[in-house]
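Q: Below is the structure I would like to discuss, written out as C-alpha coordinates.
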Amino acid sequence: MAEVIFLPRLSDTMEEGTVVKWHKKIGDKILEGDILAEIETDKAIQEFEAEYNSTLLYIGIKEGETAPVNSLLAILGYENEDISSLLKENQTIIKKNNKKIFISPLAKKIAFEKVISLEKIKGSGNNGRIIKKDIENHLSEKVDHSNMRKIISNRLINSQMESPHYSLFLEIKMDNLIKFRESLNEMNYLKKISFNDLIVKASAIAIKANKKINSSWTEKSILYHKKINIGIAVALEDGLIVPVISNVDEKSLIKISLEIKEKVIKAKEKKLQSNELEGSTFTVSNLGMFGIDSFTSIINQPNSCILSVGRINKKPIINNDKIVIGHTTKFTLTCDHRMIDGAVGSDYLKCLKHLLQEPLKILL
(Lines give C-alpha, C1' and ligand atoms only; values in the text may rest on other atoms or scores of the structure.)
Protein backbone atom coordinates (compact mmCIF):
# COMPACT_ATOMS: atom_id res chain seq x y z
CA MET A 1 0.00 0.00 0.00
CA ALA A 2 1.34 3.42 -0.97
CA GLU A 3 2.66 5.68 1.80
CA VAL A 4 3.14 9.44 1.92
CA ILE A 5 6.60 10.52 3.06
CA PHE A 6 6.67 13.96 4.67
CA LEU A 7 9.68 16.24 4.92
CA PRO A 8 11.28 15.14 8.23
CA ARG A 9 12.64 17.38 10.99
CA LEU A 10 16.33 16.49 10.70
CA SER A 11 17.55 18.77 13.48
CA ASP A 12 16.05 20.21 16.64
CA THR A 13 15.89 23.71 15.12
CA MET A 14 14.81 22.81 11.59
CA GLU A 15 11.69 24.63 10.40
CA GLU A 16 12.06 24.09 6.64
CA GLY A 17 14.35 22.23 4.28
CA THR A 18 15.65 22.41 0.72
CA VAL A 19 15.97 19.34 -1.51
CA VAL A 20 19.49 19.63 -2.89
CA LYS A 21 19.44 16.44 -4.96
CA TRP A 22 17.19 13.47 -5.73
CA HIS A 23 19.11 10.20 -6.07
CA LYS A 24 16.04 8.43 -7.47
CA LYS A 25 13.48 9.31 -10.13
CA ILE A 26 9.81 8.41 -10.42
CA GLY A 27 9.43 4.75 -11.27
CA ASP A 28 12.75 3.66 -9.78
CA LYS A 29 12.88 0.56 -7.59
CA ILE A 30 14.05 1.36 -4.07
CA LEU A 31 15.71 -0.94 -1.57
CA GLU A 32 15.79 -0.44 2.19
CA GLY A 33 18.77 1.81 3.01
CA ASP A 34 18.96 3.44 -0.44
CA ILE A 35 19.62 7.19 -0.41
CA LEU A 36 16.48 8.89 -1.71
CA ALA A 37 17.54 12.52 -1.50
CA GLU A 38 19.92 15.05 0.01
CA ILE A 39 18.15 17.63 2.17
CA GLU A 40 19.64 20.90 3.40
CA THR A 41 18.57 21.96 6.90
CA ASP A 42 19.54 25.08 8.83
CA LYS A 43 22.74 23.27 9.88
CA ALA A 44 23.91 20.86 7.19
CA ILE A 45 23.10 18.76 4.14
CA GLN A 46 21.89 15.32 5.23
CA GLU A 47 21.11 12.16 3.33
CA PHE A 48 17.55 10.80 3.60
CA GLU A 49 17.33 7.00 3.45
CA ALA A 50 14.50 4.68 2.44
CA GLU A 51 13.21 2.52 5.31
CA TYR A 52 11.75 -0.29 3.20
CA ASN A 53 11.64 -1.78 -0.33
CA SER A 54 9.26 0.08 -2.65
CA THR A 55 8.90 2.11 -5.85
CA LEU A 56 9.12 5.90 -6.05
CA LEU A 57 5.68 6.95 -7.32
CA TYR A 58 5.64 10.72 -6.76
CA ILE A 59 8.03 13.57 -5.92
CA GLY A 60 6.46 16.44 -3.99
CA ILE A 61 9.45 18.76 -3.51
CA LYS A 62 11.70 19.09 -6.54
CA GLU A 63 15.45 19.77 -6.54
CA GLY A 64 16.18 23.33 -5.45
CA GLU A 65 12.77 23.83 -3.83
CA THR A 66 12.32 24.75 -0.17
CA ALA A 67 9.36 23.67 1.92
CA PRO A 68 8.29 23.62 5.60
CA VAL A 69 8.79 20.54 7.77
CA ASN A 70 5.98 17.98 7.26
CA SER A 71 5.36 19.02 3.65
CA LEU A 72 4.74 16.19 1.19
CA LEU A 73 8.18 14.99 0.12
CA ALA A 74 7.36 11.82 -1.83
CA ILE A 75 4.99 8.88 -2.20
CA LEU A 76 6.32 5.32 -2.13
CA GLY A 77 4.42 2.15 -2.95
CA TYR A 78 4.00 -0.71 -5.43
CA GLU A 79 4.78 -0.26 -9.12
CA ASN A 80 1.87 1.38 -11.04
CA GLU A 81 -0.17 1.72 -7.83
CA ASP A 82 -3.05 4.20 -7.95
CA ILE A 83 -2.15 7.15 -5.70
CA SER A 84 -4.87 9.58 -6.79
CA SER A 85 -6.65 9.38 -3.44
CA LEU A 86 -3.43 10.18 -1.58
CA LEU A 87 -2.79 13.15 -3.84
CA LYS A 88 -6.31 14.40 -3.21
CA GLU A 89 -5.91 14.07 0.56
CA ASN A 90 -2.64 16.03 0.46
CA GLN A 91 -3.73 18.55 -2.18
CA THR A 92 -3.30 21.59 0.03
CA ILE A 93 0.33 20.73 0.77
CA ILE A 94 1.07 19.90 -2.87
CA LYS A 95 -0.35 23.16 -4.14
CA LYS A 96 1.47 25.15 -1.50
CA ASN A 97 4.86 23.61 -2.10
CA ASN A 98 4.65 22.90 -5.83
CA LYS A 99 3.41 26.09 -7.40
CA LYS A 100 4.33 25.84 -11.07
CA ILE A 101 7.08 28.32 -11.85
CA PHE A 102 8.63 28.68 -15.32
CA ILE A 103 12.35 29.39 -15.11
CA SER A 104 15.41 28.92 -17.30
CA PRO A 105 18.02 26.33 -16.13
CA LEU A 106 20.69 29.00 -15.62
CA ALA A 107 18.35 31.25 -13.64
CA LYS A 108 17.30 28.27 -11.49
CA LYS A 109 20.94 27.41 -10.76
CA ILE A 110 21.75 31.00 -9.68
CA ALA A 111 18.59 31.24 -7.58
CA PHE A 112 19.42 28.01 -5.75
CA GLU A 113 23.03 29.04 -5.07
CA LYS A 114 21.94 32.45 -3.73
CA VAL A 115 19.00 31.02 -1.72
CA ILE A 116 16.33 33.12 -3.46
CA SER A 117 12.59 32.51 -3.16
CA LEU A 118 11.29 32.31 -6.75
CA GLU A 119 7.72 33.14 -5.73
CA LYS A 120 8.78 36.76 -5.17
CA ILE A 121 10.31 37.21 -8.64
CA LYS A 122 8.28 38.27 -11.68
CA GLY A 123 9.60 36.72 -14.88
CA SER A 124 10.23 38.89 -17.95
CA GLY A 125 10.61 36.01 -20.44
CA ASN A 126 7.98 34.35 -22.63
CA ASN A 127 4.84 33.40 -20.66
CA GLY A 128 6.31 34.97 -17.51
CA ARG A 129 9.40 32.75 -17.57
CA ILE A 130 12.09 33.78 -15.08
CA ILE A 131 15.42 34.34 -16.80
CA LYS A 132 18.94 35.22 -15.64
CA LYS A 133 18.30 38.98 -15.89
CA ASP A 134 15.35 38.70 -13.47
CA ILE A 135 17.51 36.96 -10.87
CA GLU A 136 20.29 39.54 -11.25
CA ASN A 137 17.82 42.40 -10.88
CA HIS A 138 16.44 40.80 -7.71
CA LEU A 139 19.96 40.33 -6.31
CA SER A 140 20.72 44.02 -6.82
CA GLU A 141 17.90 44.79 -4.42
CA LYS A 142 17.98 42.13 -1.72
CA VAL A 143 18.73 38.50 -0.90
CA ASP A 144 16.23 36.52 1.17
CA HIS A 145 17.39 35.12 4.50
CA SER A 146 18.74 31.59 4.35
CA ASN A 147 17.46 28.98 6.82
CA MET A 148 20.80 29.14 8.62
CA ARG A 149 20.75 32.94 8.88
CA LYS A 150 17.22 32.88 10.35
CA ILE A 151 18.21 30.36 13.01
CA ILE A 152 21.41 32.26 13.87
CA SER A 153 19.39 35.46 14.25
CA ASN A 154 16.86 33.86 16.61
CA ARG A 155 19.50 32.14 18.72
CA LEU A 156 21.66 35.24 19.15
CA ILE A 157 18.70 37.41 20.11
CA ASN A 158 17.50 34.79 22.61
CA SER A 159 20.97 34.39 24.09
CA GLN A 160 21.37 38.12 24.63
CA MET A 161 17.90 38.47 26.12
CA GLU A 162 18.04 35.39 28.36
CA SER A 163 21.50 35.71 29.89
CA PRO A 164 23.33 38.75 31.31
CA HIS A 165 26.64 38.86 29.41
CA TYR A 166 29.90 40.33 30.65
CA SER A 167 33.43 39.93 29.28
CA LEU A 168 36.92 39.55 30.75
CA PHE A 169 40.00 40.50 28.73
CA LEU A 170 43.53 39.14 29.03
CA GLU A 171 46.61 39.56 26.84
CA ILE A 172 48.90 36.50 26.96
CA LYS A 173 52.53 36.18 25.86
CA MET A 174 52.78 33.55 23.13
CA ASP A 175 56.53 33.18 22.51
CA ASN A 176 56.85 29.88 24.37
CA LEU A 177 53.78 28.50 22.62
CA ILE A 178 55.23 29.49 19.23
CA LYS A 179 58.47 27.62 19.95
CA PHE A 180 56.56 24.66 21.36
CA ARG A 181 54.39 24.38 18.24
CA GLU A 182 57.44 24.56 15.98
CA SER A 183 59.06 21.69 17.91
CA LEU A 184 55.89 19.59 17.72
CA ASN A 185 55.55 20.09 13.98
CA GLU A 186 59.19 19.23 13.37
CA MET A 187 58.56 15.88 15.06
CA ASN A 188 55.16 15.32 13.44
CA TYR A 189 55.66 16.84 10.01
CA LEU A 190 52.80 14.78 8.52
CA LYS A 191 50.26 16.04 11.07
CA LYS A 192 50.61 19.78 11.54
CA ILE A 193 49.34 21.18 14.85
CA SER A 194 47.73 24.63 14.70
CA PHE A 195 47.64 27.30 17.39
CA ASN A 196 43.90 26.75 17.59
CA ASP A 197 44.46 23.05 18.36
CA LEU A 198 46.71 24.00 21.26
CA ILE A 199 44.27 26.62 22.53
CA VAL A 200 41.34 24.17 22.42
CA LYS A 201 43.32 21.54 24.34
CA ALA A 202 44.53 24.12 26.88
CA SER A 203 40.97 25.40 27.27
CA ALA A 204 39.76 21.92 28.20
CA ILE A 205 42.52 21.49 30.79
CA ALA A 206 41.71 24.91 32.27
CA ILE A 207 38.02 23.98 32.41
CA LYS A 208 38.88 20.76 34.23
CA ALA A 209 40.68 22.84 36.85
CA ASN A 210 37.78 25.31 37.03
CA LYS A 211 34.70 23.08 36.85
CA LYS A 212 32.15 25.84 37.38
CA ILE A 213 32.94 27.05 33.86
CA ASN A 214 31.54 23.77 32.49
CA SER A 215 27.92 24.51 33.38
CA SER A 216 24.47 25.38 32.05
CA TRP A 217 21.57 27.33 33.53
CA THR A 218 18.26 25.51 33.88
CA GLU A 219 14.96 26.76 35.25
CA LYS A 220 15.45 25.16 38.67
CA SER A 221 19.19 24.62 39.01
CA ILE A 222 22.71 24.98 37.61
CA LEU A 223 23.77 21.90 35.67
CA TYR A 224 27.47 20.99 35.97
CA HIS A 225 28.62 18.81 33.10
CA LYS A 226 30.97 15.87 33.62
CA LYS A 227 32.13 15.83 30.00
CA ILE A 228 34.11 18.69 28.48
CA ASN A 229 32.75 19.10 24.95
CA ILE A 230 34.08 22.12 23.09
CA GLY A 231 32.25 23.75 20.18
CA ILE A 232 34.46 25.23 17.46
CA ALA A 233 32.91 28.23 15.71
CA VAL A 234 33.31 27.84 11.93
CA ALA A 235 32.49 30.68 9.53
CA LEU A 236 30.52 29.71 6.42
CA GLU A 237 29.53 31.83 3.44
CA ASP A 238 25.95 32.13 4.68
CA GLY A 239 26.42 32.01 8.43
CA LEU A 240 28.12 30.32 11.36
CA ILE A 241 28.12 26.71 12.51
CA VAL A 242 29.57 25.13 15.67
CA PRO A 243 30.72 21.50 15.32
CA VAL A 244 31.50 19.86 18.66
CA ILE A 245 34.64 18.00 19.78
CA SER A 246 33.65 15.73 22.67
CA ASN A 247 35.74 14.76 25.71
CA VAL A 248 38.53 17.13 24.72
CA ASP A 249 40.39 16.79 28.01
CA GLU A 250 40.73 13.02 27.46
CA LYS A 251 42.02 13.18 23.85
CA SER A 252 45.57 13.59 22.58
CA LEU A 253 46.58 16.79 20.83
CA ILE A 254 46.95 14.97 17.50
CA LYS A 255 43.49 13.39 17.87
CA ILE A 256 41.97 16.81 18.62
CA SER A 257 43.78 18.36 15.65
CA LEU A 258 42.60 15.70 13.20
CA GLU A 259 39.02 15.86 14.48
CA ILE A 260 38.87 19.65 14.22
CA LYS A 261 40.23 19.58 10.64
CA GLU A 262 37.75 16.87 9.65
CA LYS A 263 34.75 18.67 11.11
CA VAL A 264 35.72 22.04 9.64
CA ILE A 265 35.87 20.44 6.18
CA LYS A 266 32.53 18.70 6.71
CA ALA A 267 31.01 21.96 7.97
CA LYS A 268 32.09 23.84 4.84
CA GLU A 269 30.77 21.04 2.63
CA LYS A 270 27.52 20.98 4.68
CA LYS A 271 27.98 17.30 5.49
CA LEU A 272 27.87 17.45 9.29
CA GLN A 273 25.28 15.23 10.96
CA SER A 274 23.02 16.74 13.61
CA ASN A 275 24.72 14.76 16.42
CA GLU A 276 28.03 16.44 15.51
CA LEU A 277 26.51 19.83 16.35
CA GLU A 278 25.02 18.97 19.74
CA GLY A 279 26.20 18.70 23.33
CA SER A 280 28.80 21.47 23.58
CA THR A 281 29.59 22.72 27.09
CA PHE A 282 32.03 25.49 26.06
CA THR A 283 32.81 27.31 22.81
CA VAL A 284 36.00 28.65 21.24
CA SER A 285 35.75 31.30 18.51
CA ASN A 286 39.07 32.17 16.83
CA LEU A 287 39.28 35.08 14.39
CA GLY A 288 43.06 35.37 14.55
CA MET A 289 43.41 33.97 11.03
CA PHE A 290 41.29 36.90 9.80
CA GLY A 291 43.69 39.46 11.30
CA ILE A 292 41.40 40.48 14.18
CA ASP A 293 43.20 41.75 17.32
CA SER A 294 40.36 41.16 19.79
CA PHE A 295 36.59 40.82 19.91
CA THR A 296 33.68 39.72 22.08
CA SER A 297 31.21 36.95 21.23
CA ILE A 298 27.63 36.13 22.13
CA ILE A 299 27.36 33.00 24.28
CA ASN A 300 26.39 29.81 22.46
CA GLN A 301 23.49 28.64 24.65
CA PRO A 302 23.25 26.57 26.78
CA ASN A 303 26.99 27.14 27.44
CA SER A 304 27.97 29.44 30.28
CA CYS A 305 31.00 30.92 28.47
CA ILE A 306 32.60 31.51 25.09
CA LEU A 307 36.32 32.18 24.52
CA SER A 308 37.20 34.67 21.77
CA VAL A 309 40.74 34.48 20.38
CA GLY A 310 42.50 37.22 18.41
CA ARG A 311 45.61 37.09 16.25
CA ILE A 312 49.21 36.75 17.41
CA ASN A 313 50.76 40.23 17.44
CA LYS A 314 54.48 41.00 17.25
CA LYS A 315 55.16 43.99 19.49
CA PRO A 316 57.48 45.53 22.11
CA ILE A 317 56.86 43.96 25.52
CA ILE A 318 58.49 44.31 28.92
CA ASN A 319 60.47 41.27 30.04
CA ASN A 320 62.50 41.45 33.28
CA ASP A 321 62.24 45.26 33.20
CA LYS A 322 63.64 45.38 29.67
CA ILE A 323 61.80 46.19 26.46
CA VAL A 324 62.09 43.32 24.00
CA ILE A 325 60.25 42.20 20.87
CA GLY A 326 57.72 39.50 21.65
CA HIS A 327 54.40 38.01 20.63
CA THR A 328 51.04 38.32 22.38
CA THR A 329 47.41 37.34 21.80
CA LYS A 330 44.32 38.96 23.29
CA PHE A 331 41.76 36.57 24.78
CA THR A 332 38.20 37.49 25.75
CA LEU A 333 36.06 35.29 27.97
CA THR A 334 32.38 36.21 27.75
CA CYS A 335 30.36 34.75 30.62
CA ASP A 336 26.77 34.26 31.71
CA HIS A 337 26.64 36.19 35.00
CA ARG A 338 23.79 34.05 36.30
CA MET A 339 26.27 31.28 37.11
CA ILE A 340 29.78 32.55 36.36
CA ASP A 341 30.99 35.32 38.68
CA GLY A 342 33.95 37.51 37.78
CA ALA A 343 36.31 35.67 40.13
CA VAL A 344 35.45 32.30 38.54
CA GLY A 345 36.04 33.63 35.03
CA SER A 346 39.28 35.28 36.14
CA ASP A 347 40.59 32.03 37.64
CA TYR A 348 39.88 30.25 34.38
CA LEU A 349 41.78 32.84 32.33
CA LYS A 350 44.73 32.75 34.74
CA CYS A 351 44.89 28.97 34.36
CA LEU A 352 44.69 29.24 30.57
CA LYS A 353 47.48 31.84 30.61
CA HIS A 354 49.69 29.56 32.72
CA LEU A 355 49.18 26.66 30.30
CA LEU A 356 49.88 28.69 27.17
CA GLN A 357 53.02 30.23 28.66
CA GLU A 358 54.26 26.83 29.93
CA PRO A 359 52.92 24.70 27.07
CA LEU A 360 54.61 21.44 28.04
CA LYS A 361 51.85 21.17 30.68
CA ILE A 362 49.29 20.95 27.87
CA LEU A 363 50.62 17.46 27.08
CA LEU A 364 50.94 16.24 30.69
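Ordered as shown in the C-alpha coordinates, chains take letters A, B, and onward, while each chain numbers its residues from 1 and ligands are numbered from 1 in the order shown.
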Where in range 55-273 of chain A does DSSP assign strand (DSSP E), given as a VMD selection string?
A: chain A and resid 55 to 59 66 to 68 72 to 77 165 to 173 215 to 217 222 to 224 230 to 232 234 to 236 239 to 241 244 to 245
Q: Which residues are near Glu16 in chain A? Cut-off 7 Å, only C-alpha atoms, ignore same chain within fewer than 4 positions. Put them as JSON, numbers by chain.
A: {"A": [41, 66, 67, 68, 69]}
Q: Limited to N, CA and C atoms, could you put the picked residues into a file as a PDB file, in the first residue's frame?
A:
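Wrote result-v7.pdb, looks like this:
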```
ATOM      1  N   THR A  41      19.259  21.384   5.752  1.00  0.00           N
ATOM      2  CA  THR A  41      18.571  21.965   6.897  1.00  0.00           C
ATOM      3  C   THR A  41      19.219  23.297   7.226  1.00  0.00           C
ATOM      4  N   THR A  66      12.336  24.707  -1.627  1.00  0.00           N
ATOM      5  CA  THR A  66      12.324  24.749  -0.168  1.00  0.00           C
ATOM      6  C   THR A  66      10.881  24.642   0.326  1.00  0.00           C
ATOM      7  N   ALA A  67      10.705  23.865   1.383  1.00  0.00           N
ATOM      8  CA  ALA A  67       9.359  23.672   1.923  1.00  0.00           C
ATOM      9  C   ALA A  67       9.424  23.501   3.437  1.00  0.00           C
ATOM     10  N   PRO A  68       8.317  23.796   4.150  1.00  0.00           N
ATOM     11  CA  PRO A  68       8.295  23.617   5.603  1.00  0.00           C
ATOM     12  C   PRO A  68       8.365  22.143   5.992  1.00  0.00           C
ATOM     13  N   VAL A  69       8.813  21.889   7.211  1.00  0.00           N
ATOM     14  CA  VAL A  69       8.788  20.538   7.768  1.00  0.00           C
ATOM     15  C   VAL A  69       7.364  19.985   7.691  1.00  0.00           C
TER      16      VAL A  69
END
```
Q: Select, from A:Val248, A:Ile260, A:Val242, A:Leu56, the residue with the minimum atom-to-atom distance to Lys226 in chain A, counting only C-alpha atoms.
A: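 Closest to Lys226 in chain A of all the choices is A:Val248.
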Q: Give me the residues within 12 Å of Thr328 in chain A as a list in words, counting only C-alpha atoms and dropping any in the same chain fewer than 6 places off.
A: Leu170, Glu171, Ile172, Lys173, Met174, Asp175, Asn176, Leu177, Ile178, Gly288, Asp293, Ser294, Val309, Gly310, Arg311, Ile312, Asn313, Lys314, Lys315, Pro316, Ile317, Ile318, Lys353, Leu356 and Gln357 of chain A
Q: For Lys43 in chain A, work out the shell of residues within 8 Å, counting only C-alpha atoms and skipping chain neighbours fewer than 4 positions away, then give it as a list in words.
A: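 Near neighbours after the sequence-gap exclusion: Ser11, Met148, Ile241, Lys270, Leu272 and Ser274 of chain A.
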Q: Hey, what's within 6 Å of Leu57 in chain A if we count only C-alpha atoms and toss same-chain stuff fewer than 4 positions away? As a list in words, please?
A: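 Answer for this query is Ile26, Gly27, Ile75 and Leu76 of chain A.
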Q: From the set A:Leu7, A:Leu258, A:Leu31, A:Ile131, which residue has the shortest atom-to-atom contact distance to Asn196 in chain A, counting only C-alpha atoms?
A: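 Among A:Leu7, A:Leu258, A:Leu31, A:Ile131, it is A:Leu258 that comes nearest to Asn196 in chain A.
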Q: Kindly indicate which residue among A:Gly231, A:Gly64, A:Gly33, A:Gly125 lies nearest to Lys21 in chain A, using only C-alpha atoms for the distances.
A: A:Gly64
Q: Given the choices A:Thr55, A:Asp12, A:Phe331, A:Ser280, which gets closest to Ser297 in chain A if the distance is worked out from only C-alpha atoms?
A: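 Using only C-alpha atoms, the shortest distance to Ser297 in chain A belongs to A:Phe331.
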Q: Report, in Å with one decimal, the straight-line distance from CA of Asn70 in chain A to CA of Phe6 in chain A.
A: 4.8 Å
Q: For range 216-221 of chain A, work out the shell of residues within 8 Å, counting only C-alpha atoms and skipping chain neighbours fewer than 5 positions away, then give it as a list in words.
A: Thr281, Pro302, Asn303, Ser304, Arg338 and Met339 of chain A
Q: Write out the residues from the selection above, keeping N, CA, C and O atoms, as an mmCIF file, in the first residue's frame.
A:
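Output file again.cif is given in full below:
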```cif
data_model
loop_
_atom_site.group_PDB
_atom_site.id
_atom_site.type_symbol
_atom_site.label_atom_id
_atom_site.label_comp_id
_atom_site.auth_asym_id
_atom_site.auth_seq_id
_atom_site.Cartn_x
_atom_site.Cartn_y
_atom_site.Cartn_z
ATOM 1 N N THR A 281 29.657 22.136 25.755
ATOM 2 C CA THR A 281 29.589 22.717 27.094
ATOM 3 C C THR A 281 30.416 23.999 27.188
ATOM 4 O O THR A 281 30.388 24.690 28.201
ATOM 5 N N PRO A 302 23.357 26.266 25.344
ATOM 6 C CA PRO A 302 23.251 26.570 26.776
ATOM 7 C C PRO A 302 24.596 26.645 27.505
ATOM 8 O O PRO A 302 24.662 26.383 28.703
ATOM 9 N N ASN A 303 25.688 26.969 26.778
ATOM 10 C CA ASN A 303 26.992 27.135 27.436
ATOM 11 C C ASN A 303 26.947 28.314 28.403
ATOM 12 O O ASN A 303 26.116 29.221 28.267
ATOM 13 N N SER A 304 27.874 28.310 29.359
ATOM 14 C CA SER A 304 27.968 29.440 30.283
ATOM 15 C C SER A 304 29.011 30.450 29.830
ATOM 16 O O SER A 304 29.007 31.587 30.299
ATOM 17 N N ARG A 338 24.699 34.772 35.417
ATOM 18 C CA ARG A 338 23.788 34.053 36.301
ATOM 19 C C ARG A 338 24.511 32.944 37.060
ATOM 20 O O ARG A 338 24.121 32.590 38.171
ATOM 21 N N MET A 339 25.563 32.389 36.450
ATOM 22 C CA MET A 339 26.266 31.277 37.110
ATOM 23 C C MET A 339 27.773 31.458 37.187
ATOM 24 O O MET A 339 28.441 30.799 37.983
#
```
Q: Residues of range 106-306 of chain A in helix (DSSP H, G or I) according to DSSP, as a PyMOL selection string?
A: chain A and resi 106-113+118-120+126-128+132-139+147-162+175-187+195-209+211-213+248-250+253-268+274-277+288-290
Q: Kindly indicate which residue among A:Glu65, A:Glu79, A:Asp321, A:Glu278 lies nearest to Ser246 in chain A, using only C-alpha atoms for the distances.
A: A:Glu278
